[in-house]
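Okay, start12.cif is below, mmCIF, C-alpha atoms:
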data_data
#
loop_
_atom_site.label_atom_id
_atom_site.label_comp_id
_atom_site.auth_asym_id
_atom_site.auth_seq_id
_atom_site.Cartn_x
_atom_site.Cartn_y
_atom_site.Cartn_z
CA ASN A 1 28.20 5.14 -6.82
CA ALA A 2 25.29 5.40 -9.25
CA GLY A 3 22.82 5.49 -6.34
CA VAL A 4 19.31 4.38 -7.31
CA THR A 5 18.71 3.81 -11.01
CA GLN A 6 15.40 3.23 -12.76
CA THR A 7 14.56 2.10 -16.26
CA PRO A 8 12.87 2.99 -18.47
CA LYS A 9 12.45 6.76 -18.06
CA PHE A 10 9.26 6.82 -20.12
CA GLN A 11 6.85 4.14 -21.25
CA VAL A 12 3.55 4.06 -23.12
CA LEU A 13 1.40 0.97 -22.75
CA LYS A 14 -1.95 -0.14 -24.06
CA THR A 15 -4.60 -1.33 -21.64
CA GLY A 16 -4.02 -4.98 -20.78
CA GLN A 17 -0.32 -5.05 -21.58
CA SER A 18 2.19 -6.09 -18.95
CA MET A 19 5.60 -4.66 -18.21
CA THR A 20 8.34 -4.53 -15.61
CA LEU A 21 9.82 -1.35 -14.17
CA GLN A 22 13.42 -1.91 -13.16
CA CYS A 23 15.08 -0.52 -10.03
CA ALA A 24 18.63 -1.09 -8.86
CA GLN A 25 20.80 0.38 -6.10
CA ASP A 26 24.52 0.02 -5.46
CA MET A 27 24.59 1.23 -1.84
CA ASN A 28 23.98 -2.17 -0.22
CA HIS A 29 20.71 -0.93 1.25
CA GLU A 30 18.40 -3.47 2.85
CA TYR A 31 15.19 -1.48 2.53
CA MET A 32 13.67 -0.73 -0.88
CA SER A 33 10.28 0.56 -1.85
CA TRP A 34 8.10 1.59 -4.77
CA TYR A 35 5.90 4.69 -4.81
CA ARG A 36 3.58 6.22 -7.32
CA GLN A 37 3.12 9.98 -7.55
CA ASP A 38 -0.08 11.51 -8.87
CA PRO A 39 -0.94 15.22 -9.00
CA GLY A 40 -2.14 16.56 -5.66
CA MET A 41 -1.69 13.22 -3.89
CA GLY A 42 1.96 13.10 -2.91
CA LEU A 43 3.72 9.75 -3.02
CA ARG A 44 1.82 6.59 -2.17
CA LEU A 45 3.58 3.38 -1.20
CA ILE A 46 2.92 0.42 -3.50
CA HIS A 47 5.21 -2.34 -2.18
CA TYR A 48 8.32 -2.50 -0.04
CA SER A 49 11.05 -4.94 0.92
CA VAL A 50 13.15 -5.11 4.09
CA GLY A 51 15.68 -7.46 2.53
CA ALA A 52 16.28 -10.06 -0.16
CA GLY A 53 13.43 -12.55 -0.28
CA ILE A 54 11.09 -10.41 1.84
CA THR A 55 8.38 -8.18 0.39
CA ASP A 56 5.16 -6.68 1.69
CA GLN A 57 2.27 -4.56 0.50
CA GLY A 58 1.97 -0.85 0.95
CA GLU A 59 -1.02 1.45 0.63
CA VAL A 60 -1.91 0.81 -3.04
CA PRO A 61 -0.65 -2.69 -4.05
CA ASN A 62 -3.47 -3.83 -6.34
CA GLY A 63 -2.37 -4.51 -9.91
CA TYR A 64 1.34 -4.66 -9.04
CA ASN A 65 3.73 -7.47 -8.15
CA VAL A 66 7.26 -7.33 -6.76
CA SER A 67 10.06 -9.72 -5.93
CA ARG A 68 13.47 -9.25 -4.31
CA SER A 69 15.90 -11.97 -5.29
CA THR A 70 19.00 -9.84 -4.66
CA THR A 71 19.86 -6.92 -2.38
CA GLU A 72 20.49 -4.71 -5.42
CA ASP A 73 17.36 -5.19 -7.52
CA PHE A 74 13.68 -4.60 -6.84
CA PRO A 75 11.56 -4.82 -10.02
CA LEU A 76 7.91 -3.75 -10.13
CA ARG A 77 5.60 -5.69 -12.44
CA LEU A 78 2.34 -4.43 -13.87
CA LEU A 79 0.30 -7.52 -14.62
CA SER A 80 -2.40 -6.03 -16.86
CA ALA A 81 -2.01 -2.29 -17.27
CA ALA A 82 -5.03 -0.02 -16.74
CA PRO A 83 -5.42 3.72 -17.42
CA SER A 84 -5.63 4.25 -13.63
CA GLN A 85 -1.99 3.17 -13.45
CA THR A 86 -0.87 6.18 -15.45
CA SER A 87 1.52 7.85 -13.04
CA VAL A 88 5.13 8.58 -12.21
CA TYR A 89 6.79 5.70 -10.36
CA PHE A 90 9.66 6.18 -7.95
CA CYS A 91 11.90 3.57 -6.42
CA ALA A 92 13.67 4.36 -3.14
CA SER A 93 16.21 2.67 -0.91
CA SER A 94 17.66 3.15 2.57
CA TYR A 95 19.83 1.28 5.07
CA SER A 96 16.73 0.38 7.02
CA ASN A 97 13.20 1.61 7.50
CA GLY A 98 12.21 4.19 10.07
CA VAL A 99 14.17 7.42 10.26
CA GLU A 100 16.87 6.51 7.80
CA THR A 101 17.42 8.69 4.73
CA GLN A 102 15.57 7.39 1.69
CA TYR A 103 17.36 7.82 -1.63
CA PHE A 104 15.04 8.12 -4.59
CA GLY A 105 15.61 7.20 -8.20
CA PRO A 106 14.80 9.63 -11.05
CA GLY A 107 11.40 8.06 -11.73
CA THR A 108 9.60 6.28 -14.57
CA ARG A 109 6.78 8.15 -16.28
CA LEU A 110 4.11 5.68 -17.41
CA LEU A 111 1.17 6.38 -19.68
CA VAL A 112 -1.49 3.71 -20.14
CA LEU A 113 -3.84 4.28 -23.06
CA THR B 1 -4.70 5.35 8.06
CA GLN B 2 -2.46 8.24 8.99
CA LEU B 3 -2.82 11.26 6.73
CA LEU B 4 -0.69 14.36 6.27
CA GLU B 5 -2.02 17.65 4.94
CA GLN B 6 0.17 20.43 3.60
CA SER B 7 -0.58 24.10 3.14
CA PRO B 8 -0.54 26.12 1.09
CA GLN B 9 -0.83 23.91 -1.96
CA PHE B 10 0.83 26.54 -4.18
CA LEU B 11 2.97 29.55 -3.30
CA SER B 12 4.51 32.11 -5.61
CA ILE B 13 6.73 34.79 -4.11
CA GLN B 14 9.42 37.28 -5.07
CA GLU B 15 13.09 36.68 -4.41
CA GLY B 16 14.06 37.93 -0.95
CA GLU B 17 10.71 37.29 0.72
CA ASN B 18 10.21 34.99 3.69
CA LEU B 19 7.72 32.13 3.72
CA THR B 20 6.39 29.33 5.88
CA VAL B 21 4.77 26.10 4.74
CA TYR B 22 2.93 23.73 7.01
CA CYS B 23 2.46 20.00 7.42
CA ASN B 24 -0.41 18.87 9.66
CA SER B 25 -2.03 15.69 10.83
CA SER B 26 -4.48 14.46 13.44
CA SER B 27 -2.11 11.53 14.06
CA VAL B 28 1.13 11.34 16.01
CA PHE B 29 4.25 10.48 14.04
CA SER B 30 7.42 9.05 15.51
CA SER B 31 9.47 11.15 13.09
CA LEU B 32 8.93 13.50 10.22
CA GLN B 33 11.01 14.27 7.15
CA TRP B 34 11.01 17.13 4.65
CA TYR B 35 11.98 16.58 1.02
CA ARG B 36 12.42 18.88 -1.97
CA GLN B 37 11.61 17.62 -5.43
CA GLU B 38 12.56 19.34 -8.67
CA PRO B 39 10.80 18.66 -11.98
CA GLY B 40 11.76 15.34 -13.54
CA GLU B 41 13.67 14.17 -10.49
CA GLY B 42 13.06 12.15 -7.36
CA PRO B 43 12.62 13.78 -3.92
CA VAL B 44 15.77 14.68 -2.00
CA LEU B 45 15.82 14.61 1.79
CA LEU B 46 16.32 17.98 3.51
CA VAL B 47 15.91 17.08 7.18
CA THR B 48 14.56 14.55 9.67
CA VAL B 49 13.02 15.63 12.99
CA VAL B 50 12.30 13.11 15.70
CA THR B 51 11.68 14.96 18.98
CA GLY B 52 8.58 17.00 19.80
CA GLY B 53 9.47 20.70 19.75
CA GLU B 54 12.69 20.08 17.86
CA VAL B 55 14.03 22.90 15.67
CA LYS B 56 16.63 22.31 12.97
CA LYS B 57 18.30 24.84 10.73
CA LEU B 58 19.77 24.22 7.30
CA LYS B 59 21.24 27.52 6.06
CA ARG B 60 18.18 29.69 5.30
CA LEU B 61 15.70 26.87 6.06
CA THR B 62 14.29 26.34 9.56
CA PHE B 63 12.30 23.22 10.37
CA GLN B 64 10.18 22.73 13.46
CA PHE B 65 8.43 19.62 14.78
CA GLY B 66 5.34 20.32 16.86
CA ASP B 67 5.36 19.54 20.57
CA ALA B 68 2.72 16.86 20.08
CA ARG B 69 4.51 15.43 17.01
CA LYS B 70 1.42 15.95 14.86
CA ASP B 71 2.62 18.88 12.78
CA SER B 72 5.68 20.55 11.35
CA SER B 73 6.65 23.76 9.62
CA LEU B 74 9.31 24.82 7.18
CA HIS B 75 10.37 28.48 7.17
CA ILE B 76 12.56 29.89 4.41
CA THR B 77 14.29 33.23 4.96
CA ALA B 78 15.14 35.44 1.99
CA ALA B 79 13.93 32.97 -0.62
CA GLN B 80 15.99 32.52 -3.77
CA PRO B 81 15.00 31.17 -7.21
CA GLY B 82 17.01 28.04 -6.41
CA ASP B 83 14.47 27.27 -3.66
CA THR B 84 11.81 26.66 -6.31
CA GLY B 85 10.39 23.15 -6.16
CA LEU B 86 7.86 20.82 -4.59
CA TYR B 87 8.25 20.50 -0.81
CA LEU B 88 7.00 17.24 0.63
CA CYS B 89 6.65 16.19 4.24
CA ALA B 90 6.66 12.51 5.18
CA GLY B 91 5.88 10.92 8.52
CA THR B 92 7.01 7.56 9.81
CA ASP B 93 4.00 5.45 10.64
CA ASN B 94 3.18 4.06 14.06
CA TYR B 95 5.32 0.97 13.61
CA GLY B 96 8.28 2.87 12.18
CA GLN B 97 7.97 0.76 9.07
CA ASN B 98 7.01 3.06 6.26
CA PHE B 99 6.49 6.65 5.30
CA VAL B 100 3.25 8.51 4.70
CA PHE B 101 3.69 11.48 2.38
CA GLY B 102 1.74 14.70 2.26
CA PRO B 103 0.55 16.07 -1.11
CA GLY B 104 3.23 18.76 -1.18
CA THR B 105 3.57 22.53 -1.47
CA ARG B 106 4.69 23.78 -4.85
CA LEU B 107 6.90 26.85 -4.36
CA SER B 108 7.90 29.26 -7.09
CA VAL B 109 10.42 31.99 -6.30
CA LEU B 110 10.51 34.67 -8.96
CA PRO B 111 13.71 36.68 -9.60
#

Transcribe the structure of this file into structure tokens.
Amino acid sequence: NAGVTQTPKFQVLKTGQSMTLQCAQDMNHEYMSWYRQDPGMGLRLIHYSVGAGITDQGEVPNGYNVSRSTTEDFPLRLLSAAPSQTSVYFCASSYSNGVETQYFGPGTRLLVL
Amino acid sequence: TQLLEQSPQFLSIQEGENLTVYCNSSSVFSSLQWYRQEPGEGPVLLVTVVTGGEVKKLKRLTFQFGDARKDSSLHITAAQPGDTGLYLCAGTDNYGQNFVFGPGTRLSVLP
């Protein structure tokens, strides 16, 4: 099993550009989520999904879109990148929400100029 | 909004020393998890505690969940350089839907 994979590893964008961060898992997990990690602030939940076709907002959803057409994939779209979106983005998956173990991907480091 | 605080923010110790890091909140959590994150990687789960007063041991690491389920501690005995990393606590919110993460304690164990 590859676990949770994320692409790209690094990305530089100009303000106003759009892009999609890819996340895939091969563990047949129902629950997937996106976090951003900023210095001194821990991980903050952006969006999550409890299964294919179902998504919901987390703590900091503004400026991001998600969709979940398959169990395996959960892409995160930045509609119009802003410098405030410079961060490290982590995708995670688990069998369900609650006390289940979350498995994290290696992260995507994004710089918006 | 439920918030988690962690202390200390940074900790640098010598190999062989003992240490304790704390995770505190004014809110009650139904469960709490501890993760370790190494540079350039995602967090990796160390333990989940679900019962007030629960103590779990993982080799040299001892985790405790407060009786009121508002706080937790992580104690490391005889720290080793391999323990170096960012330690994050995460609580399950009131509805058991999602996790709230603390800001982390960055530990450096010097040989």

For chain A against chain B, which residues fall within 12 Å using all atoms listed in the file, given as a compact mmCIF listing (two decimals) with C-alpha atoms, keeping the file's coordinate frame?
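The result, stored in out19.txt:
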# COMPACT_ATOMS: atom_id res chain seq x y z
CA GLY A 3 22.82 5.49 -6.34
CA VAL A 4 19.31 4.38 -7.31
CA THR A 5 18.71 3.81 -11.01
CA GLN A 6 15.40 3.23 -12.76
CA LYS A 9 12.45 6.76 -18.06
CA PHE A 10 9.26 6.82 -20.12
CA TYR A 31 15.19 -1.48 2.53
CA MET A 32 13.67 -0.73 -0.88
CA SER A 33 10.28 0.56 -1.85
CA TRP A 34 8.10 1.59 -4.77
CA TYR A 35 5.90 4.69 -4.81
CA ARG A 36 3.58 6.22 -7.32
CA GLN A 37 3.12 9.98 -7.55
CA ASP A 38 -0.08 11.51 -8.87
CA PRO A 39 -0.94 15.22 -9.00
CA GLY A 40 -2.14 16.56 -5.66
CA MET A 41 -1.69 13.22 -3.89
CA GLY A 42 1.96 13.10 -2.91
CA LEU A 43 3.72 9.75 -3.02
CA ARG A 44 1.82 6.59 -2.17
CA LEU A 45 3.58 3.38 -1.20
CA ILE A 46 2.92 0.42 -3.50
CA HIS A 47 5.21 -2.34 -2.18
CA TYR A 48 8.32 -2.50 -0.04
CA SER A 49 11.05 -4.94 0.92
CA VAL A 50 13.15 -5.11 4.09
CA ASP A 56 5.16 -6.68 1.69
CA GLN A 57 2.27 -4.56 0.50
CA GLY A 58 1.97 -0.85 0.95
CA GLU A 59 -1.02 1.45 0.63
CA VAL A 88 5.13 8.58 -12.21
CA TYR A 89 6.79 5.70 -10.36
CA PHE A 90 9.66 6.18 -7.95
CA CYS A 91 11.90 3.57 -6.42
CA ALA A 92 13.67 4.36 -3.14
CA SER A 93 16.21 2.67 -0.91
CA SER A 94 17.66 3.15 2.57
CA SER A 96 16.73 0.38 7.02
CA ASN A 97 13.20 1.61 7.50
CA GLY A 98 12.21 4.19 10.07
CA VAL A 99 14.17 7.42 10.26
CA GLU A 100 16.87 6.51 7.80
CA THR A 101 17.42 8.69 4.73
CA GLN A 102 15.57 7.39 1.69
CA TYR A 103 17.36 7.82 -1.63
CA PHE A 104 15.04 8.12 -4.59
CA GLY A 105 15.61 7.20 -8.20
CA PRO A 106 14.80 9.63 -11.05
CA GLY A 107 11.40 8.06 -11.73
CA THR A 108 9.60 6.28 -14.57
CA ARG A 109 6.78 8.15 -16.28

Choose the residue, out of B:Ala68, B:Leu61, B:Leu3, B:Leu110, that has the smallest atom-to-atom separation from B:Leu19; count only C-alpha atoms.
->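 The answer is B:Leu61, which sits nearest to B:Leu19.
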
Would you translate the PyMOL selection byres ((chain A and resi 71-75) around 9) into the concrete set of residues it matches in this file, as a list in words?
->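 Selected by the PyMOL selection byres ((chain A and resi 71-75) around 9) in this file: Thr20, Leu21, Gln22, Cys23, Ala24, Gln25, Asp26, Met27, Asn28, His29, Glu30, Tyr31, Met32, Ser33, Trp34, Tyr48, Ser49, Gly51, Ala52, Gly53, Asn65, Val66, Ser67, Arg68, Ser69, Thr70, Leu76, Arg77 and Cys91 of chain A.
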
So what do you get for atom CA of B:Ser25 versus atom CA of B:Phe10, distance-wise?
-> 18.7 Å

Run through the PyMOL selection byres ((chain A and resi 81) around 10) on the given coordinates and return the selected residues as a list in words.
->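 Evaluating the PyMOL selection byres ((chain A and resi 81) around 10) on these coordinates yields Leu13, Lys14, Thr15, Gly16, Gln17, Ser18, Met19, Gly63, Tyr64, Arg77, Leu78, Leu79, Ser80, Ala82, Pro83, Ser84, Gln85, Thr86, Leu111, Val112 and Leu113 of chain A.
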
Enumerate, as a ChimeraX atom specification, the residues matched when the PyMOL selection byres ((chain B and resi 73) around 9) is run on the file above.
-> /B:20-24,62-66,71-72,74-75

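The two atoms in question, atom CA of B:Ile76 and atom CA of B:Leu58, are spaced 9.6 Å apart.
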
Could you work out how far atom CA of B:Lys70 lies from atom CA of B:Ser27, giving the answer in Å with one decimal?
-> 5.7 Å

Nearest-residue call for B:Gly16, choices B:Arg36, B:Thr77, B:Arg69, B:Phe29, using only C-alpha atoms |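 The shortest atom-to-atom distance to B:Gly16 comes from B:Thr77.
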
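For the residues B:Trp34, B:Gly52, B:Ala79, B:Gly85, ranking by smallest atom-to-atom distance to B:Glu17 using all atoms listed in the file places B:Ala79 first.
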
How about completing stretch 90-109 of chain A with N, CA, C and O atoms and giving it to me as a PDB file, keeping the file's coordinate frame?
ATOM      1  N   PHE A  90       8.355   5.969  -8.563  1.00  0.00           N
ATOM      2  CA  PHE A  90       9.660   6.180  -7.950  1.00  0.00           C
ATOM      3  C   PHE A  90      10.047   4.971  -7.118  1.00  0.00           C
ATOM      4  O   PHE A  90       9.240   4.438  -6.357  1.00  0.00           O
ATOM      5  N   CYS A  91      11.301   4.584  -7.259  1.00  0.00           N
ATOM      6  CA  CYS A  91      11.900   3.570  -6.420  1.00  0.00           C
ATOM      7  C   CYS A  91      12.790   4.278  -5.401  1.00  0.00           C
ATOM      8  O   CYS A  91      13.415   5.300  -5.724  1.00  0.00           O
ATOM      9  N   ALA A  92      12.841   3.754  -4.182  1.00  0.00           N
ATOM     10  CA  ALA A  92      13.670   4.360  -3.140  1.00  0.00           C
ATOM     11  C   ALA A  92      14.373   3.269  -2.352  1.00  0.00           C
ATOM     12  O   ALA A  92      13.892   2.137  -2.275  1.00  0.00           O
ATOM     13  N   SER A  93      15.509   3.623  -1.755  1.00  0.00           N
ATOM     14  CA  SER A  93      16.210   2.670  -0.910  1.00  0.00           C
ATOM     15  C   SER A  93      16.792   3.379   0.302  1.00  0.00           C
ATOM     16  O   SER A  93      17.030   4.591   0.275  1.00  0.00           O
ATOM     17  N   SER A  94      17.026   2.613   1.372  1.00  0.00           N
ATOM     18  CA  SER A  94      17.660   3.150   2.570  1.00  0.00           C
ATOM     19  C   SER A  94      18.295   1.991   3.329  1.00  0.00           C
ATOM     20  O   SER A  94      18.003   0.822   3.074  1.00  0.00           O
ATOM     21  N   TYR A  95      19.173   2.326   4.289  1.00  0.00           N
ATOM     22  CA  TYR A  95      19.830   1.280   5.070  1.00  0.00           C
ATOM     23  C   TYR A  95      18.821   0.432   5.818  1.00  0.00           C
ATOM     24  O   TYR A  95      18.969  -0.770   5.959  1.00  0.00           O
ATOM     25  N   SER A  96      17.791   1.100   6.329  1.00  0.00           N
ATOM     26  CA  SER A  96      16.730   0.380   7.020  1.00  0.00           C
ATOM     27  C   SER A  96      15.485   1.231   6.905  1.00  0.00           C
ATOM     28  O   SER A  96      15.489   2.290   6.294  1.00  0.00           O
ATOM     29  N   ASN A  97      14.397   0.784   7.486  1.00  0.00           N
ATOM     30  CA  ASN A  97      13.200   1.610   7.500  1.00  0.00           C
ATOM     31  C   ASN A  97      13.276   2.553   8.694  1.00  0.00           C
ATOM     32  O   ASN A  97      14.301   2.694   9.328  1.00  0.00           O
ATOM     33  N   GLY A  98      12.208   3.252   8.964  1.00  0.00           N
ATOM     34  CA  GLY A  98      12.210   4.190  10.070  1.00  0.00           C
ATOM     35  C   GLY A  98      12.800   5.531   9.682  1.00  0.00           C
ATOM     36  O   GLY A  98      12.464   6.076   8.643  1.00  0.00           O
ATOM     37  N   VAL A  99      13.712   6.048  10.456  1.00  0.00           N
ATOM     38  CA  VAL A  99      14.170   7.420  10.260  1.00  0.00           C
ATOM     39  C   VAL A  99      15.354   7.527   9.313  1.00  0.00           C
ATOM     40  O   VAL A  99      15.924   8.589   9.145  1.00  0.00           O
ATOM     41  N   GLU A 100      15.734   6.451   8.713  1.00  0.00           N
ATOM     42  CA  GLU A 100      16.870   6.510   7.800  1.00  0.00           C
ATOM     43  C   GLU A 100      16.541   7.339   6.562  1.00  0.00           C
ATOM     44  O   GLU A 100      15.394   7.425   6.138  1.00  0.00           O
ATOM     45  N   THR A 101      17.564   7.925   5.969  1.00  0.00           N
ATOM     46  CA  THR A 101      17.420   8.690   4.730  1.00  0.00           C
ATOM     47  C   THR A 101      17.021   7.761   3.600  1.00  0.00           C
ATOM     48  O   THR A 101      17.669   6.740   3.368  1.00  0.00           O
ATOM     49  N   GLN A 102      15.958   8.111   2.893  1.00  0.00           N
ATOM     50  CA  GLN A 102      15.570   7.390   1.690  1.00  0.00           C
ATOM     51  C   GLN A 102      16.206   8.090   0.488  1.00  0.00           C
ATOM     52  O   GLN A 102      16.121   9.309   0.355  1.00  0.00           O
ATOM     53  N   TYR A 103      16.797   7.314  -0.389  1.00  0.00           N
ATOM     54  CA  TYR A 103      17.360   7.820  -1.630  1.00  0.00           C
ATOM     55  C   TYR A 103      16.436   7.398  -2.764  1.00  0.00           C
ATOM     56  O   TYR A 103      16.149   6.219  -2.922  1.00  0.00           O
ATOM     57  N   PHE A 104      15.991   8.387  -3.533  1.00  0.00           N
ATOM     58  CA  PHE A 104      15.040   8.120  -4.590  1.00  0.00           C
ATOM     59  C   PHE A 104      15.731   8.055  -5.952  1.00  0.00           C
ATOM     60  O   PHE A 104      16.698   8.776  -6.218  1.00  0.00           O
ATOM     61  N   GLY A 105      15.180   7.212  -6.817  1.00  0.00           N
ATOM     62  CA  GLY A 105      15.610   7.200  -8.200  1.00  0.00           C
ATOM     63  C   GLY A 105      14.968   8.348  -8.964  1.00  0.00           C
ATOM     64  O   GLY A 105      14.153   9.088  -8.415  1.00  0.00           O
ATOM     65  N   PRO A 106      15.301   8.506 -10.258  1.00  0.00           N
ATOM     66  CA  PRO A 106      14.800   9.630 -11.050  1.00  0.00           C
ATOM     67  C   PRO A 106      13.363   9.459 -11.532  1.00  0.00           C
ATOM     68  O   PRO A 106      12.777  10.402 -12.055  1.00  0.00           O
ATOM     69  N   GLY A 107      12.792   8.257 -11.364  1.00  0.00           N
ATOM     70  CA  GLY A 107      11.400   8.060 -11.730  1.00  0.00           C
ATOM     71  C   GLY A 107      11.205   7.470 -13.114  1.00  0.00           C
ATOM     72  O   GLY A 107      12.055   7.605 -14.000  1.00  0.00           O
ATOM     73  N   THR A 108      10.064   6.787 -13.267  1.00  0.00           N
ATOM     74  CA  THR A 108       9.600   6.280 -14.570  1.00  0.00           C
ATOM     75  C   THR A 108       8.221   6.861 -14.805  1.00  0.00           C
ATOM     76  O   THR A 108       7.323   6.688 -13.982  1.00  0.00           O
ATOM     77  N   ARG A 109       8.085   7.560 -15.931  1.00  0.00           N
ATOM     78  CA  ARG A 109       6.780   8.150 -16.280  1.00  0.00           C
ATOM     79  C   ARG A 109       6.052   7.159 -17.164  1.00  0.00           C
ATOM     80  O   ARG A 109       6.522   6.824 -18.255  1.00  0.00           O
TER      81      ARG A 109
END
